[in-house]
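Asker: Data: my_file-v3.csv, CSV, C-alpha atoms.
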```csv
chain,number,residue,atom,x,y,z
A,156,MET,CA,-9.7,11.7,-36.7
A,157,LYS,CA,-7.1,9.5,-35.1
A,158,SER,CA,-3.5,10.0,-36.1
A,159,ASN,CA,-1.7,6.7,-37.1
A,160,HIS,CA,2.0,7.0,-37.0
A,161,GLY,CA,4.9,4.7,-35.9
A,162,PHE,CA,7.6,5.3,-33.3
A,163,THR,CA,9.8,8.3,-33.7
A,164,LEU,CA,13.5,8.0,-34.0
A,165,VAL,CA,14.0,9.3,-30.5
A,166,GLU,CA,11.6,6.7,-29.1
A,167,ILE,CA,13.4,3.9,-30.9
A,168,MET,CA,16.8,5.1,-29.6
A,169,ILE,CA,15.4,5.3,-26.1
A,170,SER,CA,14.0,1.7,-26.4
A,171,ILE,CA,17.3,0.3,-27.8
A,172,SER,CA,19.2,2.0,-25.0
A,173,ILE,CA,16.9,0.6,-22.3
A,174,LEU,CA,17.1,-2.9,-23.9
A,175,SER,CA,20.9,-2.7,-24.2
A,176,LEU,CA,21.1,-1.7,-20.5
A,177,LEU,CA,18.9,-4.6,-19.5
A,178,LEU,CA,21.0,-7.0,-21.6
A,179,PHE,CA,24.3,-5.6,-20.1
A,180,THR,CA,22.9,-5.8,-16.6
A,181,GLY,CA,21.7,-9.4,-17.1
A,182,SER,CA,25.0,-10.5,-18.7
A,183,TYR,CA,27.0,-8.9,-15.8
A,184,VAL,CA,24.9,-10.5,-13.1
A,185,TYR,CA,25.1,-13.9,-14.9
A,186,ARG,CA,28.9,-13.6,-15.2
A,187,THR,CA,29.3,-12.6,-11.6
A,188,ILE,CA,27.1,-15.5,-10.4
A,189,SER,CA,28.9,-17.9,-12.7
A,190,ILE,CA,32.4,-16.8,-11.4
A,191,HIS,CA,31.2,-17.1,-7.8
A,192,TRP,CA,29.6,-20.5,-8.4
A,193,ASP,CA,32.8,-21.8,-10.1
A,194,ARG,CA,34.8,-20.5,-7.2
A,195,GLU,CA,32.5,-22.1,-4.7
A,196,LEU,CA,32.4,-25.4,-6.7
A,197,GLY,CA,36.2,-25.5,-6.9
A,198,GLN,CA,36.5,-24.9,-3.2
A,199,PHE,CA,33.9,-27.5,-2.4
A,200,SER,CA,35.7,-30.0,-4.7
A,201,GLU,CA,39.0,-29.2,-2.9
A,202,ASN,CA,37.4,-29.5,0.5
A,203,PHE,CA,35.7,-32.8,-0.5
A,204,SER,CA,39.0,-34.2,-1.8
A,205,GLN,CA,40.8,-33.2,1.4
A,206,ALA,CA,38.1,-34.7,3.6
A,207,ARG,CA,38.3,-38.0,1.7
A,208,SER,CA,42.1,-38.0,2.0
A,209,PHE,CA,41.9,-37.4,5.8
A,210,ASN,CA,39.4,-40.2,6.0
A,211,LEU,CA,41.7,-42.5,4.2
A,212,LEU,CA,44.6,-41.5,6.4
A,213,ASN,CA,42.5,-42.2,9.5
A,214,GLU,CA,41.4,-45.6,8.2
A,215,ILE,CA,45.0,-46.6,7.2
A,216,ILE,CA,46.5,-45.8,10.6
A,217,SER,CA,43.6,-47.0,12.7
A,218,GLY,CA,43.9,-50.3,10.9
A,219,ALA,CA,47.6,-50.7,12.0
A,220,ALA,CA,47.9,-54.2,13.4
A,221,PRO,CA,50.6,-55.8,15.6
A,222,LEU,CA,53.0,-57.9,13.7
A,223,VAL,CA,55.8,-59.7,15.6
A,224,LEU,CA,59.1,-60.1,13.8
A,225,VAL,CA,62.3,-61.8,14.7
A,226,ASN,CA,65.2,-59.5,15.4
A,227,SER,CA,68.5,-61.4,15.1
A,228,GLU,CA,71.3,-60.0,17.2
A,229,GLY,CA,74.4,-62.1,16.9
A,230,ASN,CA,73.5,-65.6,18.1
A,231,THR,CA,70.3,-64.5,19.8
A,232,SER,CA,66.9,-63.8,18.5
A,233,VAL,CA,64.5,-61.4,20.2
A,234,PRO,CA,60.9,-60.4,19.2
A,235,ALA,CA,60.3,-57.0,17.6
A,236,MET,CA,57.1,-55.2,16.6
A,237,PHE,CA,56.8,-54.1,13.0
A,238,PHE,CA,56.2,-50.4,13.6
A,239,VAL,CA,58.6,-47.6,12.8
A,240,GLY,CA,57.2,-44.2,13.4
A,241,GLY,CA,59.3,-41.0,12.7
A,242,ASN,CA,58.5,-37.4,13.0
A,243,ASP,CA,57.5,-37.2,9.4
A,244,SER,CA,57.1,-40.8,8.4
A,245,LEU,CA,55.4,-44.0,9.4
A,246,LEU,CA,56.0,-47.7,8.5
A,247,SER,CA,53.7,-50.5,9.6
A,248,LEU,CA,51.1,-53.1,8.6
A,249,THR,CA,47.4,-52.1,8.2
A,250,LYS,CA,44.3,-54.3,8.0
A,251,THR,CA,42.5,-51.5,6.0
A,252,GLY,CA,44.7,-50.9,3.0
A,253,VAL,CA,43.9,-48.5,0.2
A,254,ILE,CA,44.9,-50.7,-2.8
A,255,TYR,CA,43.6,-54.0,-1.4
A,256,PRO,CA,40.8,-53.2,1.0
A,257,GLU,CA,40.1,-56.8,1.8
A,258,ASN,CA,43.7,-57.7,2.6
A,259,ALA,CA,46.4,-56.5,4.9
A,260,GLU,CA,49.0,-54.1,3.4
A,261,ILE,CA,52.4,-53.1,4.4
A,262,PHE,CA,52.5,-49.4,4.1
A,263,ARG,CA,54.7,-46.4,4.4
A,264,LEU,CA,53.7,-42.8,4.8
A,265,THR,CA,56.3,-40.2,3.9
A,266,THR,CA,56.5,-36.5,3.2
A,267,VAL,CA,58.0,-35.4,-0.1
A,268,ARG,CA,58.8,-31.9,-1.2
A,269,ASN,CA,57.2,-31.0,-4.5
A,270,PRO,CA,58.4,-28.6,-7.2
A,271,GLN,CA,56.4,-25.7,-5.6
A,272,GLY,CA,58.5,-26.2,-2.4
A,273,LYS,CA,55.5,-27.6,-0.5
A,274,LEU,CA,55.1,-31.0,1.1
A,275,ASP,CA,53.1,-33.9,-0.3
A,276,LEU,CA,52.0,-36.8,2.0
A,277,VAL,CA,52.7,-40.0,0.0
A,278,TYR,CA,51.3,-43.5,0.7
A,279,GLN,CA,53.3,-46.5,-0.5
A,280,SER,CA,52.1,-50.1,-0.1
A,281,VAL,CA,52.4,-53.7,-1.0
A,282,ALA,CA,50.0,-56.5,-0.2
A,283,PHE,CA,51.2,-58.5,2.8
A,284,ARG,CA,50.7,-61.8,1.0
A,285,ASP,CA,53.2,-60.5,-1.7
A,286,ASN,CA,55.9,-59.4,0.8
A,287,LEU,CA,55.8,-61.6,3.9
A,288,ILE,CA,57.9,-60.2,6.7
A,289,LEU,CA,59.3,-62.6,9.2
A,290,GLN,CA,62.5,-60.8,10.3
A,291,THR,CA,63.5,-57.2,10.7
A,292,GLN,CA,66.1,-57.6,8.0
A,293,THR,CA,63.5,-58.5,5.4
A,294,GLN,CA,63.5,-56.1,2.4
A,295,ILE,CA,60.2,-54.4,1.5
A,296,ASN,CA,59.5,-53.8,-2.2
A,297,PHE,CA,56.6,-51.3,-2.4
A,298,LYS,CA,54.5,-51.7,-5.6
A,299,HIS,CA,51.9,-48.9,-5.3
A,300,LYS,CA,52.1,-45.2,-4.6
A,301,LEU,CA,49.4,-42.7,-3.9
A,302,THR,CA,49.6,-39.0,-3.0
A,303,LEU,CA,47.1,-38.4,-0.2
A,304,LEU,CA,47.6,-34.7,0.5
A,305,THR,CA,49.3,-32.0,-1.5
A,306,ASP,CA,50.9,-28.6,-1.1
A,307,LEU,CA,51.2,-28.8,2.7
A,308,ASP,CA,53.3,-26.5,4.9
A,309,ASP,CA,54.1,-29.1,7.5
A,310,VAL,CA,53.3,-32.7,8.6
A,311,VAL,CA,54.1,-34.0,12.1
A,312,PHE,CA,53.6,-37.4,13.5
A,313,ARG,CA,53.5,-38.0,17.3
A,314,TYR,CA,53.1,-41.2,19.3
A,315,PHE,CA,51.7,-41.9,22.7
A,316,GLY,CA,52.5,-45.0,24.7
A,317,TRP,CA,54.9,-46.9,27.0
A,318,GLU,CA,58.6,-46.4,26.9
A,319,ASN,CA,59.2,-50.1,26.1
A,320,PHE,CA,57.9,-53.6,26.7
A,321,ASN,CA,60.1,-54.2,29.8
A,322,VAL,CA,59.0,-51.0,31.5
A,323,LYS,CA,55.3,-51.8,30.9
A,324,LYS,CA,55.7,-55.4,32.1
A,325,ALA,CA,57.6,-54.4,35.3
A,326,ASP,CA,55.1,-51.7,36.2
A,327,ILE,CA,52.1,-54.0,35.7
A,328,GLU,CA,53.7,-56.7,37.8
A,329,GLN,CA,54.4,-54.2,40.6
A,330,ASN,CA,51.0,-52.6,40.2
A,331,ALA,CA,52.7,-49.2,39.8
A,332,ILE,CA,51.6,-47.9,36.5
A,333,ARG,CA,53.8,-45.1,35.3
A,334,GLN,CA,52.5,-42.2,33.3
A,335,LYS,CA,52.7,-42.9,29.5
A,336,ASN,CA,54.2,-40.2,27.3
A,337,TRP,CA,54.1,-38.6,23.9
A,338,PHE,CA,57.1,-39.4,21.7
A,339,SER,CA,58.3,-37.8,18.4
A,340,SER,CA,59.4,-41.2,17.2
A,341,TYR,CA,58.4,-44.8,18.1
A,342,SER,CA,60.3,-47.9,17.0
A,343,GLY,CA,58.6,-51.2,17.6
A,344,VAL,CA,62.0,-52.9,16.9
A,345,ASP,CA,63.6,-51.1,19.8
A,346,ARG,CA,60.7,-50.7,22.2
A,347,GLN,CA,59.0,-54.1,21.4
A,348,LEU,CA,55.6,-52.4,21.5
A,349,MET,CA,53.3,-50.4,19.3
A,350,PRO,CA,52.1,-47.0,20.5
A,351,GLU,CA,48.6,-46.7,21.8
A,352,LYS,CA,47.8,-43.5,19.9
A,353,VAL,CA,49.1,-41.8,16.8
A,354,GLU,CA,48.6,-38.1,16.2
A,355,VAL,CA,49.0,-36.4,12.8
A,356,ILE,CA,49.2,-32.7,12.6
A,357,VAL,CA,48.8,-31.1,9.1
A,358,GLU,CA,49.4,-27.4,8.4
A,359,LYS,CA,48.3,-25.8,5.1
A,360,ALA,CA,47.6,-22.1,4.3
A,361,SER,CA,47.9,-21.0,7.9
A,362,LYS,CA,45.3,-23.6,8.9
A,363,SER,CA,46.1,-26.6,11.1
A,364,MET,CA,44.3,-30.0,11.1
A,365,ARG,CA,44.9,-32.5,13.9
A,366,ILE,CA,43.7,-36.1,14.0
A,367,GLN,CA,44.3,-38.5,16.8
A,368,ILE,CA,44.0,-42.2,16.2
A,369,GLU,CA,43.8,-45.0,18.8
A,370,LEU,CA,45.6,-48.3,18.2
A,371,ASP,CA,45.6,-51.7,20.0
A,372,PRO,CA,46.6,-50.9,23.7
A,373,ASN,CA,47.6,-54.5,24.2
A,374,SER,CA,50.1,-55.2,21.5
A,375,ASP,CA,52.4,-56.8,24.1
A,376,LYS,CA,50.2,-59.8,24.3
A,377,HIS,CA,51.6,-61.0,21.0
A,378,LEU,CA,55.1,-60.9,22.5
A,379,THR,CA,53.9,-63.0,25.5
A,380,HIS,CA,52.8,-65.6,23.0
A,381,PHE,CA,56.2,-65.4,21.3
A,382,TYR,CA,58.1,-65.8,24.6
A,383,SER,CA,55.9,-68.8,25.7
A,384,GLN,CA,56.8,-70.5,22.4
A,385,MET,CA,60.5,-70.0,23.1
A,386,ASP,CA,60.1,-71.4,26.6
A,387,ASP,CA,58.3,-74.5,25.3
A,388,ALA,CA,61.1,-75.0,22.7
```
Please rewrite the model in this file as structure tokens.
Answerer:
Amino acid sequence: MKSNHGFTLVEIMISISILSLLLFTGSYVYRTISIHWDRELGQFSENFSQARSFNLLNEIISGAAPLVLVNSEGNTSVPAMFFVGGNDSLLSLTKTGVIYPENAEIFRLTTVRNPQGKLDLVYQSVAFRDNLILQTQTQINFKHKLTLLTDLDDVVFRYFGWENFNVKKADIEQNAIRQKNWFSSYSGVDRQLMPEKVEVIVEKASKSMRIQIELDPNSDKHLTHFYSQMDDA
């Protein structure tokens, strides 16, 4: 005769203990994977945002275009190039703006210290059609502001090119090309030229990112046109 009886109390307790252990293990594994995934997703999102910002920065500067202004000094007027590059700032005209992609923008890149004591790289702009610049004394009223990069340890701008327009002109005429140099600042008003390269060095969390952007190497041809107009007059 077969004995029909249910589970004993000991067997039930053992089954519950095993089931509880399985549930706890599954919950722990799920929580661990979830935290790891959130961390990876957050890092991916941050890296994607930074990559997009660097791409924007590259497009803005690579689109920098020569713009000849009139620099009035007393009773004389001399041509100047609209480009003012500092160690931590840059002012120029770009054909590839952020706010108006289809139009030229006057832009300024500056570093601003945020409440955390870090540096933010800020982009300010105005459509060129809304703020036409004809002279170096023209006031610029920026209408748009965008933070490209945040919480940086340092931002450095460097410029590669000729010392000035007269040096380049004389060297070319004498067929004695001098070595071009890197400069920590580059004023198109003083040098009457734009640099041929701009380098941006960004440091964040002990990591360094360096981008080098090539510009128009023949910005002086616009000055030649200006001087020819003056001669004809």
Asker: To one decimal in Å, tell me the separation between atom CA of A:Val253 and atom CA of A:Trp317.
Answerer: 29.0 Å
Asker: Please determine, counting all atoms listed in the file, which residue among A:Ser280, A:Ser232, A:Gln329, A:Ser227 has the shortest atom-to-atom distance to A:Ile215.
Answerer: A:Ser280
Asker: Point out the residue among A:Ser363, A:Ser170, A:Gln271, A:Gln290 with the least atom-to-atom distance to A:Val233, counting all atoms listed in the file.
Answerer: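 Of A:Ser363, A:Ser170, A:Gln271, A:Gln290, the one nearest A:Val233 is A:Gln290, counting all atoms listed in the file.
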Asker: Please return, as a list in words, all polymer residues that have at least one atom within 6 Å of the point (52.3, -49.3, 10.3); use only C-alpha atoms and the file's own coordinate frame.
Answerer: Ala219, Phe238, Leu246, Ser247 and Leu248 of chain A
Asker: Those selected residues, please, written with C-alpha atoms and delivered as a PDB file, in the frame of the given file.
Answerer:
```pdb
ATOM      1  CA  ALA A 219      47.600 -50.700  12.000  1.00  0.00           C
ATOM      2  CA  PHE A 238      56.200 -50.400  13.600  1.00  0.00           C
ATOM      3  CA  LEU A 246      56.000 -47.700   8.500  1.00  0.00           C
ATOM      4  CA  SER A 247      53.700 -50.500   9.600  1.00  0.00           C
ATOM      5  CA  LEU A 248      51.100 -53.100   8.600  1.00  0.00           C
TER       6      LEU A 248
END
```
Asker: Would you please work out which residue, of A:Asn258, A:Thr302, A:Asn226, A:Asn336, is nearest to A:Ile288 when using all atoms listed in the file?
Answerer: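 Counting all atoms listed in the file, the residue closest to A:Ile288 is A:Asn226.
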Asker: Separation of atom CA of A:Ala235 and atom CA of A:Asn330, in Å?
Answerer: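 Separation between atom CA of A:Ala235 and atom CA of A:Asn330: 24.8 Å.
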Asker: Between A:Asp275, A:Glu328, A:Glu318, A:Glu358, which is the closest to A:Asp306 once you count all atoms listed in the file?
Answerer: A:Asp275
Asker: Is it possible to get the residues within 9 Å of (54.1, -53.0, -5.0) (coordinates as in the file, counting all atoms listed in the file) written as a list of chain:residue names?
Answerer: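 The distance filter leaves exactly A:Gln279, A:Ser280, A:Val281, A:Ala282, A:Asp285, A:Asn286, A:Asn296, A:Phe297, A:Lys298, A:His299, A:Lys300.
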Asker: Just the number, please: distance in Å from atom CA of A:Pro372 to atom CA of A:Ser208, one decimal.
Answerer: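 For atom CA of A:Pro372 relative to atom CA of A:Ser208, the distance reads 25.6 Å.
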Asker: Which residue is closest to A:Leu276? Choose from A:Tyr341, A:Phe209, A:Phe320, A:Tyr255 and count all atoms listed in the file.
Answerer: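 Result for the nearest residue to A:Leu276: A:Phe209.
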Asker: So, counting all atoms listed in the file, which residue among A:Val239, A:Leu301, A:Val223, A:Ile295 is closest to A:Ser339?
Answerer: A:Val239
Asker: So which residues touch A:Leu274 within 7 Å, counting all atoms listed in the file, skipping near sequence neighbours fewer than 5 positions away, as a PyMOL selection string?
Answerer: chain A and resi 266-269+305-309
